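*Asks:* Just passing along the structure, written as C-alpha cells.
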Amino acid sequence: MLRGRIRNVVNLLDMITEGSAENFIGINRHFCGWYSTGSSHVELPIKRKKSERKPLVTSVNELKREARLRRKEKQMVQENTLQPPENGLLVKGLVPVAHEVYAARAKLNACVSRIVKSIAIFSCSLCGEVHVGDPPHRIRTCDVAGSLKNKEHTWERGGVEHILPLVESFHLYDRVGRAVSHNEQLQVDRIPAIVELCVQAGFDIPEYPTRRRTFPIYSLAGKIIDFERRFPKEDTPGKDINTYGFWDKKKKSSEEDKFFDLHSDDVQAIAVQGMEAWERMRSGASKVMKKYAVQTCGYCSEMQVGPKGHKVRNCQAFKHQMRDGQHAWQEATVDDLIPPVYVWHVRDGHSGEPLVNGLKRYYGMLPAVVELFAQAGAYVRDHYAGVMREDVAVPELDELKWVV
C-alpha cells in the first residue's frame, strides 16, 4: 500500500517536471496569465508622527559594534591609515559626479519654475499638505490643531518651495575639523544641503570656499594628526567671502540661468528634461553619500553634511528639553537630503473632477516633482509603478458598494 502511494507521488513529480502540469490540473495557460504571481502592490507612504524617530540606516547592534571597535583603537597607540574622504582628501572618482549633481539641480529648478506657471500648485494652510493640479482634492486628511471638524483641507496657492523644500546645512570650511558650536550659528553661512554635499565632494564655488588638502591626515590612538599647515600659502580663506552673506540674498548663478531659454514654449519637452534631471540628481547624490557622510536629526528636518553633526541647540522636536535642544544625530538617507513630498496622483488632469474621500483607497501617490512633470506629459519611470497604482481600477461612487 505504501509503495503504491510512493509510486503515485513519483509519477506526479515526473509529470510536473515534463511540463504537463497544465494538462494534469486542467487549467488553461492563457487564463492563468491574467493574474501575476508576484504582487507589485506597495504601501503608500504615511506621515511620520512627531513623537516617532526616523528609521535608522544602520542597526543599533551594528552601531554598538562599531563603537566598541573605536574604543579598542583608542587604547592601542598605533597609527591608523585613513582612506579618502576621511583623511581630508577628495575621492577623485566622485568629483565628476558632484559636478553632474550640481548641474542637474540647477536644471531641475529651472524646469520646475517654468512648469509651475502652467500647472497650479496648492498647499494646505493648516497641515502643509500639497496637491498638484486644479482643482485640489477633497480627501479628508487634515488632522492638526485648528483644522475643520470634517478634516477637509484649507487650500491656498503654493509655489516651487512647496514641491522642492529647501533643506539647509552649515557650510564647513574644513569638513574634518571641529563642529559648528552654538555660539557660531550666526557666523557660519547656511546653504542648501545638496550644494554643500557637492562642494565637499569636489565642486568649487568661489563664494563658498573650502579647504582642499594636498597631504592626508592621520589617526593616532583616536586623535587626528594634521601635518599640513592650517592655512597654506595657496589657500586664501578671506578671499571672496562676504561678511554679511548670511543675510544677503544670493543671486542665481549663470549656470542656473542658462536653462531658462531652453524650449520656452514646449511644456512637455521641459517636463521630460526636468524628469531626467530629477532622477540624475537623486542617483548622483546617492553615489556621493556612500562615501561622504551626511547627518540628520532623528526627530526634525535639520541636516549637516559632514562626518558629524553640529552643536547648535535649536531642535524643537519631540522631547528636545531632555537633550537641551541638541539634535539626535543619525545617518541620513537621500530622502532626507532631497525630500520627496508625496502627493495624491491624478490620472486625468484635464477631467476637472477632484479626488474624493470615498475612493482614496484606490488612488496612488507620487513625489510632487514627479507628479508635476507627469501632468505636463513626461514619462514616469517603472520604479514608481507600485506606489502610483495605475493598474488599479477606480470605481464610481455608485459602484463602490459592489466592489469586493
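Simple scheme: letters A, B, ... for chains in C-alpha cells order, numbers from 1 for residues in each chain, numbers from 1 for ligands in the order shown.
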If we count only C-alpha atoms, what is near A:Arg347 at a cut-off of 8 Å, once residues fewer than 2 positions away on the same chain are taken out, given as a list in words?
*Replies:*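 Using only C-alpha atoms, the neighbours found are His345, Gly349 and Glu390 of chain A.
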*Asks:* Give me the residues within 6 Å of stretch 185-200 of chain A as a PDB file with N, CA and C atoms, in the first residue's frame, counting only C-alpha atoms and dropping any in the same chain fewer than 3 places off.
*Replies:*
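What follows is the written file selection30.pdb:
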```
ATOM      1  N   ALA A  98      29.873  64.984  -8.555  1.00  0.00           N
ATOM      2  CA  ALA A  98      29.467  66.195  -7.852  1.00  0.00           C
ATOM      3  C   ALA A  98      29.114  67.309  -8.827  1.00  0.00           C
ATOM      4  N   VAL A 167      16.309  72.339   2.081  1.00  0.00           N
ATOM      5  CA  VAL A 167      16.963  71.714   3.228  1.00  0.00           C
ATOM      6  C   VAL A 167      18.370  72.293   3.314  1.00  0.00           C
ATOM      7  N   GLU A 168      18.659  73.019   4.380  1.00  0.00           N
ATOM      8  CA  GLU A 168      19.921  73.730   4.502  1.00  0.00           C
ATOM      9  C   GLU A 168      20.873  73.021   5.451  1.00  0.00           C
ATOM     10  N   SER A 169      22.136  73.368   5.309  1.00  0.00           N
ATOM     11  CA  SER A 169      23.197  72.833   6.149  1.00  0.00           C
ATOM     12  C   SER A 169      24.242  73.916   6.350  1.00  0.00           C
ATOM     13  N   PHE A 170      24.965  73.853   7.456  1.00  0.00           N
ATOM     14  CA  PHE A 170      26.061  74.780   7.674  1.00  0.00           C
ATOM     15  C   PHE A 170      27.191  74.471   6.695  1.00  0.00           C
ATOM     16  N   HIS A 171      27.739  75.532   6.113  1.00  0.00           N
ATOM     17  CA  HIS A 171      28.872  75.353   5.203  1.00  0.00           C
ATOM     18  C   HIS A 171      30.154  75.225   6.019  1.00  0.00           C
ATOM     19  N   HIS A 182      27.392  76.303  19.253  1.00  0.00           N
ATOM     20  CA  HIS A 182      26.138  77.040  19.374  1.00  0.00           C
ATOM     21  C   HIS A 182      26.351  78.543  19.209  1.00  0.00           C
ATOM     22  N   PHE A 203      33.214  70.075  -5.952  1.00  0.00           N
ATOM     23  CA  PHE A 203      32.716  71.174  -6.780  1.00  0.00           C
ATOM     24  C   PHE A 203      33.057  72.494  -6.092  1.00  0.00           C
ATOM     25  N   ASP A 204      33.754  73.376  -6.796  1.00  0.00           N
ATOM     26  CA  ASP A 204      34.237  74.633  -6.220  1.00  0.00           C
ATOM     27  C   ASP A 204      33.277  75.770  -6.542  1.00  0.00           C
ATOM     28  N   PHE A 246      25.282  85.770   5.194  1.00  0.00           N
ATOM     29  CA  PHE A 246      24.188  85.028   5.808  1.00  0.00           C
ATOM     30  C   PHE A 246      22.855  85.746   5.602  1.00  0.00           C
TER      31      PHE A 246
END
```
*Asks:* Excluding A:Gly202 and residues on its chain fewer than 4 positions from it, collect all residues at most 9 Å away from it, counting only C-alpha atoms, and give them as JSON, numbers by chain.
*Replies:* {"A": [90, 91, 92, 94, 95, 96, 98, 99, 197, 198, 212]}
*Asks:* How many Å lie between atom CA of A:Ala104 and atom CA of A:Ala277, rounded to one decimal?
*Replies:*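 Distance reported for this atom pair: 4.8 Å.
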*Asks:* For A:Val370, which residue out of A:Pro340, A:Pro165, A:Gly128, A:Pro85 is the nearest one, using only C-alpha atoms?
*Replies:*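 Of A:Pro340, A:Pro165, A:Gly128, A:Pro85, the one nearest A:Val370 is A:Pro340, counting only C-alpha atoms.
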*Asks:* In stretch 9-178 of chain A, what's strand (DSSP E) per DSSP? Answer as a list in words?
*Replies:*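 Put together, the selection reads Glu79, Asn80, Ile121, Phe122, Ser123, Cys124, Val130, His131, Val132, Trp155, Glu156, Arg157, Glu168, Ser169 and Phe170 of chain A.
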